[in-house]
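Have a look at run-v6.cif; it's mmCIF, C-alpha atoms:
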```cif
data_data
#
loop_
_atom_site.label_atom_id
_atom_site.label_comp_id
_atom_site.auth_asym_id
_atom_site.auth_seq_id
_atom_site.Cartn_x
_atom_site.Cartn_y
_atom_site.Cartn_z
CA MET A 18 0.00 0.00 0.00
CA ALA A 19 2.87 2.35 -0.69
CA ARG A 20 1.16 3.80 -3.72
CA ARG A 21 0.61 7.46 -4.26
CA GLY A 22 -1.92 9.06 -2.00
CA THR A 23 -2.39 6.29 0.52
CA TRP A 24 -1.88 8.74 3.34
CA LEU A 25 -4.24 11.22 1.76
CA ILE A 26 -6.94 8.56 1.82
CA VAL A 27 -6.13 7.55 5.38
CA ILE A 28 -6.33 11.18 6.48
CA THR A 29 -9.88 11.58 5.14
CA LEU A 30 -10.91 8.42 6.96
CA VAL A 31 -9.30 9.52 10.24
CA ILE A 32 -10.95 12.93 10.03
CA SER A 33 -14.30 11.29 9.42
CA LEU A 34 -13.71 9.02 12.43
CA ILE A 35 -13.08 12.07 14.58
CA LEU A 36 -16.17 13.81 13.22
CA GLN A 37 -18.11 10.64 13.96
CA VAL A 38 -17.57 11.10 17.71
CA VAL A 39 -18.12 14.86 17.91
CA PRO A 40 -20.41 15.39 20.88
CA VAL A 41 -24.03 16.09 19.96
CA PRO A 42 -27.03 16.60 22.23
CA PHE A 43 -28.13 13.29 23.65
CA GLU A 44 -31.55 13.22 21.96
CA TRP A 45 -30.01 13.89 18.55
CA ARG A 46 -27.51 11.07 18.73
CA GLY A 47 -29.67 8.80 16.63
CA PHE A 48 -29.55 11.25 13.74
CA ARG A 49 -25.78 11.42 13.59
CA PRO A 50 -24.79 10.72 9.97
CA GLU A 51 -22.52 7.79 9.22
CA LEU A 52 -19.69 9.94 7.92
CA VAL A 53 -17.05 7.23 8.09
CA LEU A 54 -19.10 4.87 5.96
CA LEU A 55 -19.89 7.63 3.44
CA VAL A 56 -16.22 8.50 3.03
CA LEU A 57 -15.32 4.82 2.83
CA PHE A 58 -17.97 4.19 0.19
CA TYR A 59 -16.70 7.10 -1.85
CA TRP A 60 -13.21 5.63 -1.95
CA VAL A 61 -14.53 2.18 -2.79
CA LEU A 62 -16.56 3.66 -5.61
CA ALA A 63 -13.74 5.85 -6.92
CA LEU A 64 -10.81 3.46 -6.50
CA PRO A 65 -12.23 -0.06 -6.45
CA GLN A 66 -8.85 -1.48 -7.46
CA ARG A 67 -7.29 -0.13 -4.23
CA ILE A 68 -9.97 0.22 -1.61
CA GLY A 69 -11.95 -2.95 -1.15
CA VAL A 70 -13.34 -5.33 1.40
CA ILE A 71 -10.18 -5.49 3.52
CA THR A 72 -9.88 -1.73 3.93
CA ALA A 73 -13.60 -1.57 4.60
CA GLY A 74 -13.27 -4.23 7.27
CA LEU A 75 -10.43 -2.35 8.94
CA VAL A 76 -12.38 0.91 8.85
CA GLY A 77 -15.40 -0.90 10.30
CA LEU A 78 -13.20 -2.30 13.05
CA SER A 79 -12.05 1.19 13.96
CA ILE A 80 -15.69 2.21 14.30
CA ASP A 81 -16.11 -0.79 16.60
CA PHE A 82 -13.16 0.24 18.70
CA LEU A 83 -14.63 3.73 19.01
CA ASP A 84 -17.83 2.21 20.32
CA GLY A 85 -15.81 -0.09 22.53
CA PHE A 86 -18.01 -3.18 22.55
CA ALA A 87 -18.85 -5.97 20.08
CA ILE A 88 -15.55 -5.60 18.23
CA GLY A 89 -16.14 -6.79 14.66
CA ALA A 90 -19.80 -6.01 14.19
CA ALA A 91 -19.37 -2.82 12.19
CA GLY A 92 -16.35 -4.45 10.57
CA ALA A 93 -18.51 -7.20 9.17
CA GLY A 94 -21.20 -4.69 8.18
CA ALA A 95 -18.78 -2.41 6.36
CA SER A 96 -17.20 -5.36 4.50
CA ILE A 97 -20.59 -6.44 3.24
CA GLY A 98 -21.50 -2.88 2.24
CA SER A 99 -18.26 -2.39 0.34
CA LEU A 100 -18.70 -5.75 -1.34
CA ILE A 101 -22.08 -4.64 -2.67
CA ILE A 102 -20.53 -1.46 -4.04
CA LEU A 103 -17.53 -3.33 -5.49
CA LEU A 104 -19.80 -5.67 -7.39
CA ASN A 105 -21.79 -2.78 -8.86
CA TYR A 106 -19.40 0.14 -9.01
CA GLN A 107 -19.55 0.57 -12.78
CA ARG A 108 -23.31 0.78 -12.68
CA ILE A 109 -23.41 3.08 -9.64
CA ARG A 110 -21.00 5.51 -11.29
CA GLN A 111 -23.45 5.96 -14.16
CA PHE A 112 -26.35 6.80 -11.87
CA ASP A 113 -27.48 10.39 -11.52
CA SER A 114 -27.25 12.09 -8.14
CA LEU A 115 -30.72 11.13 -6.97
CA GLN A 116 -30.32 7.49 -7.89
CA GLN A 117 -26.93 7.37 -6.23
CA THR A 118 -28.32 8.97 -3.09
CA PHE A 119 -30.99 6.32 -2.78
CA LEU A 120 -28.60 3.49 -3.54
CA ILE A 121 -26.09 4.67 -0.95
CA GLY A 122 -28.97 4.95 1.52
CA LEU A 123 -29.91 1.37 0.78
CA VAL A 124 -26.36 0.10 1.24
CA LEU A 125 -26.03 2.09 4.47
CA ALA A 126 -29.25 0.58 5.75
CA ILE A 127 -27.95 -2.90 4.95
CA VAL A 128 -24.68 -2.18 6.77
CA LEU A 129 -26.52 -0.85 9.81
CA LEU A 130 -28.93 -3.77 9.81
CA VAL A 131 -26.07 -6.28 9.75
CA THR A 132 -24.25 -4.42 12.51
CA GLN A 133 -27.37 -4.11 14.61
CA ARG A 134 -28.21 -7.78 14.17
CA LEU A 135 -24.71 -8.81 15.24
CA HIS A 136 -25.06 -6.59 18.29
CA GLY A 137 -28.34 -8.31 18.94
CA LEU A 138 -26.79 -11.75 18.69
CA LEU A 139 -24.32 -10.77 21.39
CA GLY A 140 -27.04 -9.45 23.63
CA TYR A 141 -26.49 -5.72 23.13
CA THR A 142 -30.02 -5.22 21.96
CA ALA A 143 -32.16 -2.19 21.63
CA ASP A 144 -35.61 -2.69 20.23
CA GLY A 145 -37.02 -0.79 17.30
CA LEU A 146 -35.62 0.65 14.13
CA GLU A 147 -34.27 3.88 15.64
CA PHE A 148 -30.79 3.00 14.43
CA LEU A 149 -31.97 3.64 10.87
CA TYR A 150 -32.74 7.32 11.59
CA SER A 151 -29.20 8.19 10.59
CA VAL A 152 -29.76 6.86 7.04
CA PRO A 153 -31.79 9.80 5.64
CA VAL A 154 -29.36 12.30 7.20
CA SER A 155 -26.44 10.43 5.63
CA MET A 156 -28.24 10.31 2.27
CA VAL A 157 -28.56 14.09 2.23
CA LEU A 158 -24.83 14.37 2.89
CA TRP A 159 -23.77 11.89 0.20
CA ILE A 160 -23.67 14.28 -2.76
CA PRO A 161 -21.72 17.06 -0.95
CA ILE A 162 -19.26 14.53 0.42
CA ARG A 163 -18.89 12.88 -2.98
CA ASN A 164 -18.27 16.19 -4.72
CA PHE A 165 -15.82 17.33 -2.08
CA LEU A 166 -13.83 14.09 -2.14
CA ARG A 167 -13.88 14.04 -5.93
CA GLY A 168 -12.29 17.48 -5.98
CA TYR A 169 -9.82 16.37 -3.33
CA ARG A 170 -8.93 13.25 -5.29
CA ARG A 171 -8.43 15.13 -8.54
CA TYR A 172 -6.43 17.91 -6.89
CA TYR A 173 -3.95 15.45 -5.37
CA GLU A 174 -4.21 13.11 -8.34
CA ILE A 175 -4.90 10.03 -6.25
CA ALA A 176 -5.50 7.08 -8.53
CA MET B 4 -12.40 -10.25 6.13
CA LEU B 5 -15.96 -11.04 7.01
CA GLY B 6 -14.85 -14.24 8.68
CA LEU B 7 -12.10 -12.42 10.53
CA CYS B 8 -14.62 -9.91 11.86
CA LEU B 9 -16.92 -12.66 13.02
CA ILE B 10 -14.06 -14.47 14.74
CA LEU B 11 -13.03 -11.23 16.43
CA LEU B 12 -16.61 -10.68 17.43
CA ILE B 13 -16.63 -13.87 19.43
CA SER B 14 -13.07 -13.85 20.70
CA PHE B 15 -13.24 -10.29 22.03
CA ARG B 16 -16.07 -11.40 24.19
CA GLU B 17 -14.49 -14.52 25.58
CA GLN B 18 -10.70 -14.45 25.51
CA PRO B 19 -8.76 -12.72 28.30
CA PHE B 20 -6.00 -11.82 25.83
CA PHE B 21 -8.42 -9.78 23.74
CA GLN B 22 -9.68 -8.08 26.87
CA ARG B 23 -6.17 -6.73 27.30
CA VAL B 24 -6.04 -5.64 23.67
CA ARG B 25 -9.30 -3.84 24.19
CA LEU B 26 -7.94 -1.99 27.21
CA ILE B 27 -4.95 -0.82 25.20
CA THR B 28 -7.08 0.33 22.28
CA HIS B 29 -9.39 2.03 24.74
CA ASP B 30 -6.69 4.57 25.58
CA ALA B 31 -5.96 5.18 21.91
CA VAL B 32 -9.64 5.58 21.18
CA SER B 33 -10.22 8.07 23.96
CA VAL B 34 -7.78 10.37 22.17
CA PHE B 35 -10.28 10.48 19.29
CA TYR B 36 -13.08 11.42 21.64
CA THR B 37 -10.96 14.07 23.34
CA VAL B 38 -9.95 15.60 20.01
CA ALA B 39 -13.54 15.55 18.77
CA ALA B 40 -14.76 17.18 21.96
CA SER B 41 -12.00 19.78 22.10
CA PRO B 42 -13.90 22.51 20.21
CA VAL B 43 -16.76 22.16 22.67
CA THR B 44 -14.41 22.14 25.65
CA ALA B 45 -12.56 25.18 24.31
CA GLY B 46 -15.86 26.94 23.59
CA ARG B 47 -16.97 26.37 27.14
CA ALA B 48 -13.69 27.69 28.48
CA VAL B 49 -14.05 30.86 26.38
CA VAL B 50 -17.64 31.38 27.46
CA SER B 51 -16.80 30.95 31.12
CA PHE B 52 -13.83 33.31 30.74
CA PHE B 53 -16.05 36.06 29.40
CA LYS B 54 -18.83 35.50 31.86
CA SER B 55 -19.88 38.85 33.16
CA HIS B 56 -18.88 40.10 36.55
CA ARG B 57 -22.50 40.47 37.51
CA ALA B 58 -23.38 36.91 36.53
CA LEU B 59 -20.45 35.62 38.55
CA ARG B 60 -21.53 37.68 41.57
CA ASP B 61 -25.07 36.36 41.31
CA GLU B 62 -23.82 32.81 41.00
CA ASN B 63 -21.48 33.29 43.91
CA SER B 64 -24.17 34.55 46.22
CA ARG B 65 -26.50 31.77 45.13
CA LEU B 66 -23.82 29.18 45.78
CA GLN B 67 -23.04 30.72 49.15
CA GLN B 68 -26.66 30.43 50.18
CA GLU B 69 -26.79 26.87 48.93
CA ASN B 70 -23.58 26.03 50.74
CA PHE B 71 -24.96 27.55 53.94
CA LEU B 72 -28.10 25.44 53.66
CA LEU B 73 -26.15 22.28 52.88
CA ARG B 74 -23.83 22.84 55.80
CA GLY B 75 -26.80 23.23 58.02
CA GLN B 76 -28.12 19.93 56.78
CA ALA B 77 -24.70 18.33 57.11
CA GLN B 78 -24.68 19.22 60.82
CA ARG B 79 -27.82 17.26 61.28
CA LEU B 80 -26.37 14.47 59.16
CA ALA B 81 -23.36 14.20 61.47
CA ALA B 82 -25.68 13.66 64.41
CA VAL B 83 -27.69 11.10 62.47
CA VAL B 84 -24.55 9.26 61.37
CA ALA B 85 -23.33 9.13 64.95
CA GLU B 86 -26.69 7.84 66.12
CA ASN B 87 -26.78 5.30 63.32
CA SER B 88 -23.32 3.98 64.09
CA ARG B 89 -24.34 3.60 67.75
CA TYR B 90 -27.30 1.51 66.63
CA ARG B 91 -25.04 -0.47 64.36
CA ASP B 92 -22.74 -1.11 67.30
CA LEU B 93 -25.72 -2.32 69.29
CA LEU B 94 -26.64 -4.66 66.44
CA ASN B 95 -23.00 -5.75 66.05
CA SER B 96 -23.08 -4.93 62.37
CA ALA B 97 -20.26 -3.14 60.66
CA GLY B 98 -20.60 -0.60 57.88
CA SER B 99 -19.84 3.02 57.42
CA LEU B 100 -22.10 5.64 55.99
CA ASP B 101 -19.69 8.36 54.99
CA ARG B 102 -18.45 7.84 51.52
CA GLU B 103 -15.39 9.19 49.85
CA VAL B 104 -15.99 10.29 46.29
CA MET B 105 -13.93 11.48 43.37
CA VAL B 106 -15.32 13.85 40.76
CA ALA B 107 -14.90 12.91 37.10
CA GLU B 108 -15.84 14.86 34.01
CA ILE B 109 -17.79 13.33 31.16
CA ILE B 110 -15.71 13.65 27.99
CA ALA B 111 -18.23 12.14 25.63
CA VAL B 112 -21.14 9.83 25.10
CA THR B 113 -20.13 6.99 22.79
CA ALA B 114 -21.15 7.25 19.18
CA ASP B 115 -23.51 4.28 19.04
CA ALA B 116 -26.95 5.72 19.67
CA SER B 117 -28.43 2.48 20.95
CA ARG B 118 -26.04 2.26 23.89
CA HIS B 119 -25.77 4.55 26.89
CA ILE B 120 -22.05 4.57 27.56
CA LEU B 121 -20.03 7.49 28.89
CA LEU B 122 -16.37 8.28 28.51
CA LEU B 123 -14.87 9.76 31.70
CA ASP B 124 -11.63 11.65 32.20
CA LYS B 125 -10.40 9.53 35.12
CA GLY B 126 -8.62 6.19 34.76
CA SER B 127 -6.57 3.62 36.60
CA SER B 128 -3.90 6.21 37.36
CA HIS B 129 -6.51 8.06 39.43
CA GLY B 130 -7.59 4.88 41.20
CA VAL B 131 -10.66 4.00 39.16
CA VAL B 132 -11.50 0.29 39.11
CA GLN B 133 -13.93 -1.77 37.12
CA GLY B 134 -17.36 -2.10 38.67
CA GLN B 135 -17.16 1.16 40.57
CA PRO B 136 -20.53 2.88 41.01
CA LEU B 137 -21.11 6.24 39.38
CA LEU B 138 -23.17 8.80 41.27
CA GLY B 139 -24.81 12.07 40.39
CA ALA B 140 -26.05 14.74 42.77
CA GLU B 141 -29.50 13.11 42.96
CA GLY B 142 -28.59 9.45 42.81
CA LEU B 143 -27.09 6.55 40.94
CA ILE B 144 -25.93 7.03 37.33
CA GLY B 145 -24.22 3.76 36.46
CA GLN B 146 -21.01 1.84 36.84
CA ILE B 147 -17.53 1.65 35.36
CA ILE B 148 -17.13 -1.09 32.75
CA MET B 149 -13.71 -0.43 31.28
CA VAL B 150 -10.71 1.32 32.78
CA GLY B 151 -7.85 2.76 30.75
CA GLU B 152 -4.78 4.58 31.91
CA SER B 153 -6.31 8.03 32.15
CA THR B 154 -9.87 7.55 30.92
CA SER B 155 -12.61 5.05 31.56
CA ARG B 156 -15.95 3.96 30.21
CA ALA B 157 -19.10 3.81 32.26
CA ILE B 158 -22.44 2.24 31.47
CA MET B 159 -25.57 4.12 32.54
CA ILE B 160 -28.42 2.46 34.40
CA SER B 161 -30.67 3.18 31.43
CA ASP B 162 -28.62 1.04 29.01
CA SER B 163 -30.59 -1.95 27.85
CA THR B 164 -27.89 -4.36 29.07
CA HIS B 165 -27.76 -2.96 32.58
CA ALA B 166 -29.66 -3.90 35.73
CA VAL B 167 -29.34 -2.79 39.32
CA PRO B 168 -30.80 -4.43 42.45
CA VAL B 169 -33.18 -1.99 44.10
CA GLN B 170 -35.48 -1.70 47.06
CA VAL B 171 -38.56 0.43 47.60
CA LEU B 172 -37.55 2.99 50.21
CA ARG B 173 -40.96 3.04 51.88
CA SER B 174 -41.77 -0.65 52.11
CA GLY B 175 -38.46 -2.42 51.58
CA VAL B 176 -39.73 -4.50 48.66
CA ARG B 177 -36.83 -5.70 46.56
CA GLY B 178 -36.61 -5.77 42.80
CA LEU B 179 -34.34 -5.40 39.84
CA ALA B 180 -34.33 -2.15 37.85
CA GLU B 181 -33.39 -2.85 34.28
CA GLY B 182 -32.41 -0.31 31.68
CA THR B 183 -34.71 -0.06 28.69
CA GLY B 184 -32.47 1.80 26.26
CA GLU B 185 -34.59 4.89 26.86
CA ILE B 186 -32.90 7.59 28.85
CA ASP B 187 -35.83 8.27 31.21
CA ARG B 188 -37.23 4.79 31.77
CA LEU B 189 -36.23 1.89 33.95
CA MET B 190 -38.24 -1.31 34.12
CA VAL B 191 -38.59 -2.98 37.50
CA ARG B 192 -38.77 -6.73 37.06
CA HIS B 193 -40.36 -9.42 39.16
CA ILE B 194 -42.63 -7.32 41.27
CA ALA B 195 -45.62 -9.49 42.14
CA ALA B 196 -48.98 -7.96 41.23
CA THR B 197 -50.01 -7.81 44.90
CA THR B 198 -46.86 -6.10 46.14
CA ASP B 199 -47.01 -2.93 48.18
CA ILE B 200 -45.70 -0.45 45.66
CA VAL B 201 -47.34 2.78 44.52
CA GLU B 202 -46.63 5.56 42.08
CA GLY B 203 -44.13 8.01 43.49
CA ASP B 204 -42.24 5.42 45.50
CA ILE B 205 -38.51 5.99 45.59
CA LEU B 206 -36.28 3.09 44.62
CA VAL B 207 -32.89 2.93 46.30
CA THR B 208 -30.00 0.53 45.74
CA SER B 209 -30.51 -2.52 47.91
CA GLY B 210 -26.85 -3.50 48.10
CA LEU B 211 -27.62 -7.06 47.09
CA GLY B 212 -24.90 -8.45 44.88
CA GLY B 213 -22.34 -6.39 46.73
CA LEU B 214 -21.51 -4.11 43.84
CA PHE B 215 -23.58 -1.05 44.55
CA PRO B 216 -23.51 0.34 48.07
CA PRO B 217 -26.97 0.26 49.64
CA GLY B 218 -29.12 3.32 50.08
CA TYR B 219 -28.47 5.41 47.00
CA PRO B 220 -31.57 6.71 45.22
CA VAL B 221 -31.99 5.17 41.78
CA ALA B 222 -35.41 5.99 40.40
CA GLU B 223 -38.94 7.08 41.13
CA VAL B 224 -41.87 4.85 40.22
CA VAL B 225 -44.01 6.53 37.56
CA SER B 226 -46.49 3.87 36.58
CA ILE B 227 -47.70 0.50 37.74
CA GLU B 228 -49.79 -1.58 35.44
CA ASN B 229 -51.34 -4.86 36.44
CA VAL B 230 -51.41 -6.97 33.33
CA LYS B 231 -54.35 -9.36 33.38
CA GLY B 232 -53.21 -12.95 33.67
CA SER B 233 -49.68 -12.04 34.57
CA ALA B 234 -48.22 -12.77 37.99
CA PHE B 235 -46.08 -9.68 37.84
CA ALA B 236 -46.90 -6.01 37.60
CA ALA B 237 -45.32 -3.88 34.89
CA VAL B 238 -43.56 -1.23 36.93
CA LEU B 239 -41.93 1.67 35.14
CA SER B 240 -39.69 4.17 36.87
CA ARG B 241 -37.80 7.31 36.02
CA PRO B 242 -34.14 7.68 37.06
CA MET B 243 -33.63 10.29 39.78
CA VAL B 244 -30.67 11.74 37.91
CA LYS B 245 -31.30 13.44 34.60
CA LEU B 246 -28.95 11.11 32.78
CA ASP B 247 -28.59 13.25 29.68
CA ARG B 248 -27.72 16.41 31.60
CA GLY B 249 -24.69 17.57 33.48
CA ARG B 250 -20.98 17.26 32.95
CA TYR B 251 -19.70 15.87 36.21
CA VAL B 252 -20.18 12.56 37.97
CA MET B 253 -18.95 11.19 41.28
CA LEU B 254 -17.11 7.91 41.69
CA ALA B 255 -17.54 6.15 45.02
CA MET B 256 -13.95 5.60 46.15
CA ASP B 257 -14.42 3.38 49.18
CA VAL B 258 -16.10 0.86 46.91
CA ALA B 259 -12.97 1.01 44.77
CA THR B 260 -10.84 -0.03 47.72
CA LYS B 261 -13.23 -2.83 48.50
CA LEU B 262 -13.19 -4.08 44.91
CA ASN B 263 -9.38 -3.90 44.92
CA ASP B 264 -9.23 -5.86 48.17
CA LEU B 265 -11.47 -8.54 46.78
CA GLY B 266 -9.14 -8.72 43.78
CA ALA B 267 -11.84 -10.70 42.09
CA ARG B 268 -12.16 -8.44 39.12
#
```

Take the structure in the file and write it out as structure tokens.
Amino acid sequence: MARRGTWLIVITLVISLILQVVPVPFEWRGFRPELVLLVLFYWVLALPQRIGVITAGLVGLSIDFLDGFAIGAAGAGASIGSLIILLNYQRIRQFDSLQQTFLIGLVLAIVLLVTQRLHGLLGYTADGLEFLYSVPVSMVLWIPIRNFLRGYRRYYEIA
Amino acid sequence: MLGLCLILLISFREQPFFQRVRLITHDAVSVFYTVAASPVTAGRAVVSFFKSHRALRDENSRLQQENFLLRGQAQRLAAVVAENSRYRDLLNSAGSLDREVMVAEIIAVTADASRHILLLDKGSSHGVVQGQPLLGAEGLIGQIIMVGESTSRAIMISDSTHAVPVQVLRSGVRGLAEGTGEIDRLMVRHIAATTDIVEGDILVTSGLGGLFPPGYPVAEVVSIENVKGSAFAAVLSRPMVKLDRGRYVMLAMDVATKLNDLGAR
């Protein structure tokens, strides 16, 4: 992984991890967008030959370590999500913004469902579908994040 | 990768080695939380720096009054403690009532919205141990579940994986207050439908299980519903402490010494 721009990619992921734990009012926690996953999905979509399931798994694991319990749940979720994108990246790239937004929302929901179910299997349950509240918020943020990272990638010529 | 994650998922739960790994990563992770919270912390510092003279004077006089009142009450408490220890002597039972506490600041609430876990700015170097009860001004908040070098994680009583043995202050009925995953609701389990418990009853820690010291307020009963055909009543209560407010918590230190002595954890 000593290719050009590896650190530039890592930096975006680290920043998104930090933003992920920015304190928000307690009642709004459920609406916190999944920034890390959005940034990860952008890189998978843009550089599928470099960023794949393994990177996704590692990024998911770092989310797990941030949460501090059920290490591996988000890792598994993120790997599955990135796999879906990897299998369809050529198609997704052709989508217009609206279609992409909905597709990313769908993938996010799948990731969160997998993670939540794994939490449930280990006994860390919380009833209801509140954990999906973050999906619409994340969907709104997808296009700005995509455009920003696209500019970033082109400026530093990461390929 | 998927398989690796699943293996990790199981091994982190069971293996002692991974527990150690988790403790090490905990310290690294708390850096993230501290960095993320730093704008807020700095903002607060700036705001408090520019607090007006008048506001400070008002606050000071209010605090002085409050302090005066509390000291008055503390005088009475001293007498009560003395009386209580005399009774305890008579009954030949040991146990002290005065508790040493340490104040910790809440750095963050963990990112996962379905869990109620706090990150505190005190760790093993300050004498925090696993299992230590966490108190607020009005009552019990939770307990320490993971201790790092200079930070620690605490689970709140409202987390859906947490339960605390309680007792109704008025009648002495025992029960188990379980977290529901909602910040203002605790479910009291296994209260028989005919039990003497009414709305407004205060639940205090019963001390059963030996983890929580007895006598700390936990919650207030808000509703009792007798479900037809069920042997138990559905008792809902509201934590005494506003769990989503406030920045400081107290750690009961004498319990820490006890837990250390036991060496069981």

> Once the PyMOL selection byres ((chain B and resi 34-45) around 10) has been applied to the shown file, what residues remain in the selection, as a PyMOL selection string?
Replying inline: (chain A and resi 31-32+34-41+83) or (chain B and resi 29-33+46-51+110-114+122+124+154)

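With all atoms listed in the file as the atoms that count, the minimum distance from chain A to the choices B:Leu93, B:Ala236, B:Val83, B:Ile120 is reached by B:Ile120.
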
> Using all atoms listed in the file, can you list as an MDAnalysis selection string the residues within 12 Å of (-15.0, -2.9, -3.6)?
Replying inline: chainID A and resid 57:74 95:107 109

> Hey, what comes out of the PyMOL selection byres ((chain B and resi 235) around 9) on this file? Could you write it as an NGL selection string?
Replying inline: :B and (192-197 or 229-230 or 232-234 or 236-238)

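Going from CA of Ile160 (chain B) over to CA of Glu181 (chain B), you cover 7.3 Å.
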
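Of the listed residues (A:Arg170, A:Arg134, A:Arg21, A:Arg49), A:Arg49 comes nearest to chain B; the distances count all atoms listed in the file.
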
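Our summary of the geometry notes that CA of Met256 (chain B) is positioned 5.1 Å from CA of Val104 (chain B).
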
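We find CA of Leu211 (chain B) and CA of Gly151 (chain B) to be spaced 27.5 Å apart.
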
Which residues match the PyMOL selection byres ((chain B and resi 188) around 12) in the file above, as a short mmCIF file (atom, residue, chain, number, x, y, z; two decimals) with C-alpha atoms, in the frame of the given file?
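Final file, selection-v3.cif:
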```
data_model
loop_
_atom_site.label_atom_id
_atom_site.label_comp_id
_atom_site.auth_asym_id
_atom_site.auth_seq_id
_atom_site.Cartn_x
_atom_site.Cartn_y
_atom_site.Cartn_z
CA MET B 159 -25.57 4.12 32.54
CA ILE B 160 -28.42 2.46 34.40
CA SER B 161 -30.67 3.18 31.43
CA ASP B 162 -28.62 1.04 29.01
CA SER B 163 -30.59 -1.95 27.85
CA ALA B 180 -34.33 -2.15 37.85
CA GLU B 181 -33.39 -2.85 34.28
CA GLY B 182 -32.41 -0.31 31.68
CA THR B 183 -34.71 -0.06 28.69
CA GLY B 184 -32.47 1.80 26.26
CA GLU B 185 -34.59 4.89 26.86
CA ILE B 186 -32.90 7.59 28.85
CA ASP B 187 -35.83 8.27 31.21
CA LEU B 189 -36.23 1.89 33.95
CA MET B 190 -38.24 -1.31 34.12
CA VAL B 191 -38.59 -2.98 37.50
CA VAL B 221 -31.99 5.17 41.78
CA ALA B 222 -35.41 5.99 40.40
CA GLU B 223 -38.94 7.08 41.13
CA VAL B 224 -41.87 4.85 40.22
CA VAL B 225 -44.01 6.53 37.56
CA SER B 226 -46.49 3.87 36.58
CA VAL B 238 -43.56 -1.23 36.93
CA LEU B 239 -41.93 1.67 35.14
CA SER B 240 -39.69 4.17 36.87
CA ARG B 241 -37.80 7.31 36.02
CA PRO B 242 -34.14 7.68 37.06
CA MET B 243 -33.63 10.29 39.78
CA VAL B 244 -30.67 11.74 37.91
CA LYS B 245 -31.30 13.44 34.60
CA LEU B 246 -28.95 11.11 32.78
#
```

Residues near Gly137 (chain A), cut-off 12 Å, only C-alpha atoms, skip fewer than 3 positions along chain, as a compact mmCIF listing (two decimals) with C-alpha atoms, in the coordinates of the input:
```txt
# COMPACT_ATOMS: atom_id res chain seq x y z
CA ALA A 87 -18.85 -5.97 20.08
CA ALA A 90 -19.80 -6.01 14.19
CA LEU A 129 -26.52 -0.85 9.81
CA LEU A 130 -28.93 -3.77 9.81
CA VAL A 131 -26.07 -6.28 9.75
CA THR A 132 -24.25 -4.42 12.51
CA GLN A 133 -27.37 -4.11 14.61
CA ARG A 134 -28.21 -7.78 14.17
CA GLY A 140 -27.04 -9.45 23.63
CA TYR A 141 -26.49 -5.72 23.13
CA THR A 142 -30.02 -5.22 21.96
CA ALA A 143 -32.16 -2.19 21.63
CA ASP A 144 -35.61 -2.69 20.23
CA GLY A 145 -37.02 -0.79 17.30
CA SER B 117 -28.43 2.48 20.95
CA ARG B 118 -26.04 2.26 23.89
CA SER B 163 -30.59 -1.95 27.85
CA THR B 164 -27.89 -4.36 29.07
```

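Shortest separation to chain A among B:Leu26, B:Leu137, B:Leu123, B:Met253 occurs at residue B:Leu26, atoms counted being all atoms listed in the file.
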
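Proximity to chain B was assessed for A:Thr29, A:Arg108, A:Phe148, A:Ile121 counting all atoms listed in the file; the smallest distance is recorded for A:Phe148.
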